[in-house]
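The next block holds one structure in the form of structure tokens; read it before the comments.
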Amino acid sequence: MQNLRQLFLNHLGQTSSSPMLIEIERAQGIYMYSPTGKRYVDLIAGVSVSNVGHCHPKVVAAVKEQAEKHMHLMVYGEYVQSPQVLYAQKLTALLPCSLSSVYFINSGSEANEGALKLAKRYTGRTEIIACKHCYHGGTHGVLSIFGNEYYRNSFRPLLPDVRHINFNSFDDLSLISNRTACVIVEPQQGEAGAIAPHNNYLQQLRKRCTEVGALLIFDEVQTGFGRLGYLFAFQKYNVIPDIFTIAKAMGGGMPIGAFVSSQEIMSKLTYNPVLGHITTFGGHPVSCAAALASLEVILDEKLIETVDTKAALFRKLLAPAKIDDIRGDGLLMAIELGSPERLQRFIKAAFEAGIATDWFIFCSSAFRIAPPLIITESEIEEVCSTLIKVINNV
Ligand code: PMP
């Protein structure tokens with residue numbers, strides 16, 4: 001067979017002129033393996049996806065079992081499919097009663113698209129407010145709210161009536177008005193470089209949205225499923241959004257997402273127009289079965305309870321390294337190295353040393369630590385001792 005890397009370059013649409021070209025043949029737990037058997041620690045969990053680790057046996061078993069019963073049957077929302085129903089029941093039982101209705105979709109971007117449409121439909125308003133340096137996905141609607149002009153500009157015209165505010169700015173809350181359909185926010189900004197909310201910023205944001213009748217949407221695509229030490233970040237920060245969106249870790253490695261809201265708000269998708277949101281594959285039964293198994297693993301193995309201790313251990317062990325800062329809550333951390341050049345040298349050397357990490361879309365001088373939540377304390381010690389050597393050498 002022709003060299004796989006060359007075929008990858010020849011036949012897969014590329015989005016960068018210098019892809020990393022790391023070839024992975026299999027993955028298990030926190031590790032990924034190349035065809036020659038080189039082992040990498042997946043320090044970013046495939047970008048906050050593999051919270052239960054790669055190929056968790058319970059997730060794999062659920063996938064096999066459902067695939068043998070049935071795969072796709074009919075577009076979303078027509079047939080009663082037990083994997084969807086059982087998952088929605090399990091999830092909503094863990095949420096406040098105002099978040100009891102789940103619309104399944106395929107990805108984080110689509111979940112946010114659905115949430116924005118729902119907010120416009122429910123409020124009858126048009127203005128969408130998002131934060132500078134936010135990331136909500138790559139489709140056209142969420143590209144319109146992308147928190148950075150460089151990434152938006154070449155695709156204009158985009159959605160009108162979008163306004164950006166500064167995350168953590170109390171002054172900017174006054175820009176939210178009775179024209180605003182919704183404010184969409186990551187409770188901890190991910191791609192901005194793991195920026196946690198200050199003090200009671202999210203509470204004040206909630207208060208302002210309620211005052212003016214705007215819906216508050218939390219994008220929990222990256223923060224969900226235990227990453228910040230709570231099942232969802234809104235529980236950590238004690239603020240209940242009107243809609244929240246999930247994806248990434250939801251499927252335990254399978255593609256799935258959802259937006260979740262109240263019955264009252266969600267009911268607006270049933271009329272004027274009917275079929276207010278449509279998807280063929282959203283809530284795919286195999287993905288829902290994987291999602292249920294993954295959620296059960298997170299709860300049964302008490303992974304969430306371990307997050308703060310593991311995050312504190314990373315911080316303690318990395319503190320003596322030559323770094324400028326450690327940001328972020330829970331196991332979504334940014335380690336600041338001071339310059340893009342140093343970061344690039346670090347990422348390359350980390351891969352050579354068997355650690356897979358990444359930078360952030362809007363922060364090119366810090367690397368990401370967002371490992372599978374199953375990582376053990378002794379694995380953290382081993383990883384940190386390698387990281388320190390690499391960091392201090394670049
Ligand atoms: N929202 C956030 C906060 C994300 O981090 C991402 C993905 N990095 C998305 C949305 C988009 O999700 P997807 O790539 O599944 O469309």
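Just remember, in the structure tokens the first chain shown is A, the second B, etc., residues are 1-based per chain, and ligands are 1-based in the order shown.
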| message | Using only C-alpha atoms and all ligand atoms, which residues have at least one atom no more than 6 Å from ligand 1? Output them as a count of residues only. | response | 11
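The environment of A:Ile44 within 10 Å, counting only C-alpha atoms and disregarding residues fewer than 2 places along the same chain, consists of Ile30, Val41, Asp42, Gly46, Val47, Ser48, Val49, Ser50, Asn51, Leu331, Leu332, Met333, Ile355, Ala356, Thr357, Asp358, Trp359, Phe367, Arg368, Ile369, Ala370, Pro371 and Pro372 of chain A.
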| query | Hey, which of A:Ile195, A:Val212, A:Ala88, A:Met254 ends up closest to A:Asp325? Count only C-alpha atoms. | reply |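 That would be A:Ile195, the residue with the smallest distance to A:Asp325.
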| said: Just to confirm, what's the straight-line distance from atom CA of A:Gly282 to atom CA of A:Asn106 in Å (one decimal)? | reply: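 Computing the Euclidean distance for atom CA of A:Gly282 and atom CA of A:Asn106 yields 4.9 Å.
The smallest atom-to-atom distance between A:His72 and any of A:Cys288, A:Leu318, A:Ala311, A:Met250, using only C-alpha atoms, is found for A:Cys288.
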Within 10 Å of stretch 374-393 of chain A, which residues of stretch 51-154 of chain A come that close, and what is the closest atom pair and distance in Å for each? Count only C-alpha atoms and give it as JSON lines.
{"residue": "A:Asn51", "atom": "CA", "partner": "A:Ile374", "partner_atom": "CA", "distance": 7.0}
{"residue": "A:Val52", "atom": "CA", "partner": "A:Ile374", "partner_atom": "CA", "distance": 5.9}
{"residue": "A:Gly53", "atom": "CA", "partner": "A:Ile374", "partner_atom": "CA", "distance": 6.3}
{"residue": "A:His54", "atom": "CA", "partner": "A:Ile374", "partner_atom": "CA", "distance": 9.9}
| task | Determine which residues of stretch 103-183 of chain A DSSP labels as strand (DSSP E or B) from the backbone of this structure, then write them out as a VMD selection string. | result | chain A and resid 103 to 105 127 to 131 162 to 165 180 to 183
Restricting it to all heavy atoms, dump the selection as a CSV table (one decimal), in the first residue's frame.
chain,number,residue,atom,x,y,z
A,103,TYR,N,-32.8,17.8,22.7
A,103,TYR,CA,-32.9,17.7,21.2
A,103,TYR,C,-31.5,17.1,20.8
A,103,TYR,O,-30.5,17.8,20.9
A,103,TYR,CB,-33.2,19.0,20.5
A,103,TYR,CG,-33.5,18.8,19.1
A,103,TYR,CD1,-34.8,19.0,18.5
A,103,TYR,CD2,-32.5,18.5,18.1
A,103,TYR,CE1,-35.1,18.8,17.2
A,103,TYR,CE2,-32.7,18.3,16.8
A,103,TYR,CZ,-34.0,18.5,16.3
A,103,TYR,OH,-34.3,18.3,15.0
A,104,PHE,N,-31.5,15.9,20.3
A,104,PHE,CA,-30.3,15.3,19.9
A,104,PHE,C,-29.8,15.8,18.5
A,104,PHE,O,-30.6,15.9,17.6
A,104,PHE,CB,-30.4,13.8,19.8
A,104,PHE,CG,-30.6,13.1,21.1
A,104,PHE,CD1,-31.8,12.6,21.5
A,104,PHE,CD2,-29.5,13.1,22.0
A,104,PHE,CE1,-31.9,11.9,22.8
A,104,PHE,CE2,-29.6,12.4,23.2
A,104,PHE,CZ,-30.8,11.9,23.6
A,105,ILE,N,-28.5,15.9,18.4
A,105,ILE,CA,-27.9,16.4,17.1
A,105,ILE,C,-26.6,15.7,17.0
A,105,ILE,O,-26.3,14.8,17.8
A,105,ILE,CB,-27.9,18.0,17.2
A,105,ILE,CG1,-27.9,18.6,15.9
A,105,ILE,CG2,-26.7,18.4,18.1
A,105,ILE,CD1,-29.3,18.8,15.4
A,127,GLU,N,-31.2,39.8,17.9
A,127,GLU,CA,-29.8,40.1,18.3
A,127,GLU,C,-29.2,38.9,19.1
A,127,GLU,O,-29.8,38.4,20.0
A,127,GLU,CB,-29.7,41.3,19.2
A,127,GLU,CG,-28.2,41.6,19.5
A,127,GLU,CD,-28.1,42.8,20.4
A,127,GLU,OE1,-28.6,42.8,21.6
A,127,GLU,OE2,-27.6,43.9,20.0
A,128,ILE,N,-28.0,38.5,18.6
A,128,ILE,CA,-27.3,37.4,19.3
A,128,ILE,C,-26.0,38.1,19.9
A,128,ILE,O,-25.3,38.7,19.2
A,128,ILE,CB,-26.9,36.3,18.4
A,128,ILE,CG1,-28.1,35.6,17.8
A,128,ILE,CG2,-26.0,35.3,19.1
A,128,ILE,CD1,-27.9,34.6,16.7
A,129,ILE,N,-25.8,37.8,21.2
A,129,ILE,CA,-24.6,38.3,21.8
A,129,ILE,C,-23.7,37.2,22.2
A,129,ILE,O,-24.1,36.1,22.8
A,129,ILE,CB,-24.9,39.2,23.1
A,129,ILE,CG1,-25.7,40.4,22.6
A,129,ILE,CG2,-23.6,39.5,23.9
A,129,ILE,CD1,-25.9,41.5,23.7
A,130,ALA,N,-22.4,37.3,21.8
A,130,ALA,CA,-21.4,36.3,22.1
A,130,ALA,C,-20.2,37.0,22.7
A,130,ALA,O,-20.2,38.3,22.7
A,130,ALA,CB,-21.0,35.5,20.9
A,131,CYS,N,-19.2,36.3,23.1
A,131,CYS,CA,-18.0,36.9,23.7
A,131,CYS,C,-16.9,37.0,22.8
A,131,CYS,O,-16.7,36.1,21.9
A,131,CYS,CB,-17.6,36.1,25.0
A,131,CYS,SG,-18.8,36.3,26.3
A,162,VAL,N,-25.3,40.6,15.2
A,162,VAL,CA,-24.4,39.9,16.2
A,162,VAL,C,-23.6,40.9,16.9
A,162,VAL,O,-23.0,41.8,16.3
A,162,VAL,CB,-23.5,38.8,15.5
A,162,VAL,CG1,-22.5,38.2,16.5
A,162,VAL,CG2,-24.3,37.7,14.8
A,163,ARG,N,-23.5,40.8,18.2
A,163,ARG,CA,-22.7,41.8,19.0
A,163,ARG,C,-21.7,41.0,19.9
A,163,ARG,O,-22.1,39.9,20.4
A,163,ARG,CB,-23.6,42.6,19.8
A,163,ARG,CG,-23.0,43.7,20.6
A,163,ARG,CD,-24.0,44.3,21.6
A,163,ARG,NE,-24.9,45.3,20.9
A,163,ARG,CZ,-24.7,46.6,21.1
A,163,ARG,NH1,-23.7,47.0,21.9
A,163,ARG,NH2,-25.5,47.4,20.5
A,164,HIS,N,-20.5,41.5,20.1
A,164,HIS,CA,-19.6,40.8,20.9
A,164,HIS,C,-19.3,41.6,22.2
A,164,HIS,O,-19.2,42.8,22.2
A,164,HIS,CB,-18.2,40.5,20.2
A,164,HIS,CG,-18.3,39.4,19.3
A,164,HIS,ND1,-18.6,39.6,17.9
A,164,HIS,CD2,-18.3,38.0,19.5
A,164,HIS,CE1,-18.7,38.4,17.3
A,164,HIS,NE2,-18.5,37.4,18.2
A,165,ILE,N,-19.3,40.9,23.3
A,165,ILE,CA,-18.9,41.6,24.6
A,165,ILE,C,-17.6,40.9,25.1
A,165,ILE,O,-17.3,39.8,24.7
A,165,ILE,CB,-20.1,41.5,25.6
A,165,ILE,CG1,-20.4,40.0,25.9
A,165,ILE,CG2,-21.3,42.2,25.2
A,165,ILE,CD1,-21.5,39.8,27.0
A,180,THR,N,-32.2,41.8,22.7
A,180,THR,CA,-31.3,40.6,22.7
A,180,THR,C,-32.1,39.3,22.8
A,180,THR,O,-32.8,39.1,23.8
A,180,THR,CB,-30.3,40.7,23.9
A,180,THR,OG1,-29.7,42.0,23.9
A,180,THR,CG2,-29.2,39.6,23.7
A,181,ALA,N,-31.9,38.5,21.8
A,181,ALA,CA,-32.6,37.1,21.8
A,181,ALA,C,-31.9,36.3,22.9
A,181,ALA,O,-32.5,35.6,23.7
A,181,ALA,CB,-32.6,36.5,20.5
A,182,CYS,N,-30.5,36.3,22.8
A,182,CYS,CA,-29.8,35.4,23.7
A,182,CYS,C,-28.3,35.8,23.8
A,182,CYS,O,-27.8,36.6,23.0
A,182,CYS,CB,-29.8,33.9,23.1
A,182,CYS,SG,-29.0,33.8,21.5
A,183,VAL,N,-27.8,35.4,24.9
A,183,VAL,CA,-26.3,35.5,25.1
A,183,VAL,C,-25.8,34.1,25.1
A,183,VAL,O,-26.3,33.3,25.9
A,183,VAL,CB,-26.0,36.3,26.4
A,183,VAL,CG1,-24.5,36.3,26.6
A,183,VAL,CG2,-26.6,37.6,26.4
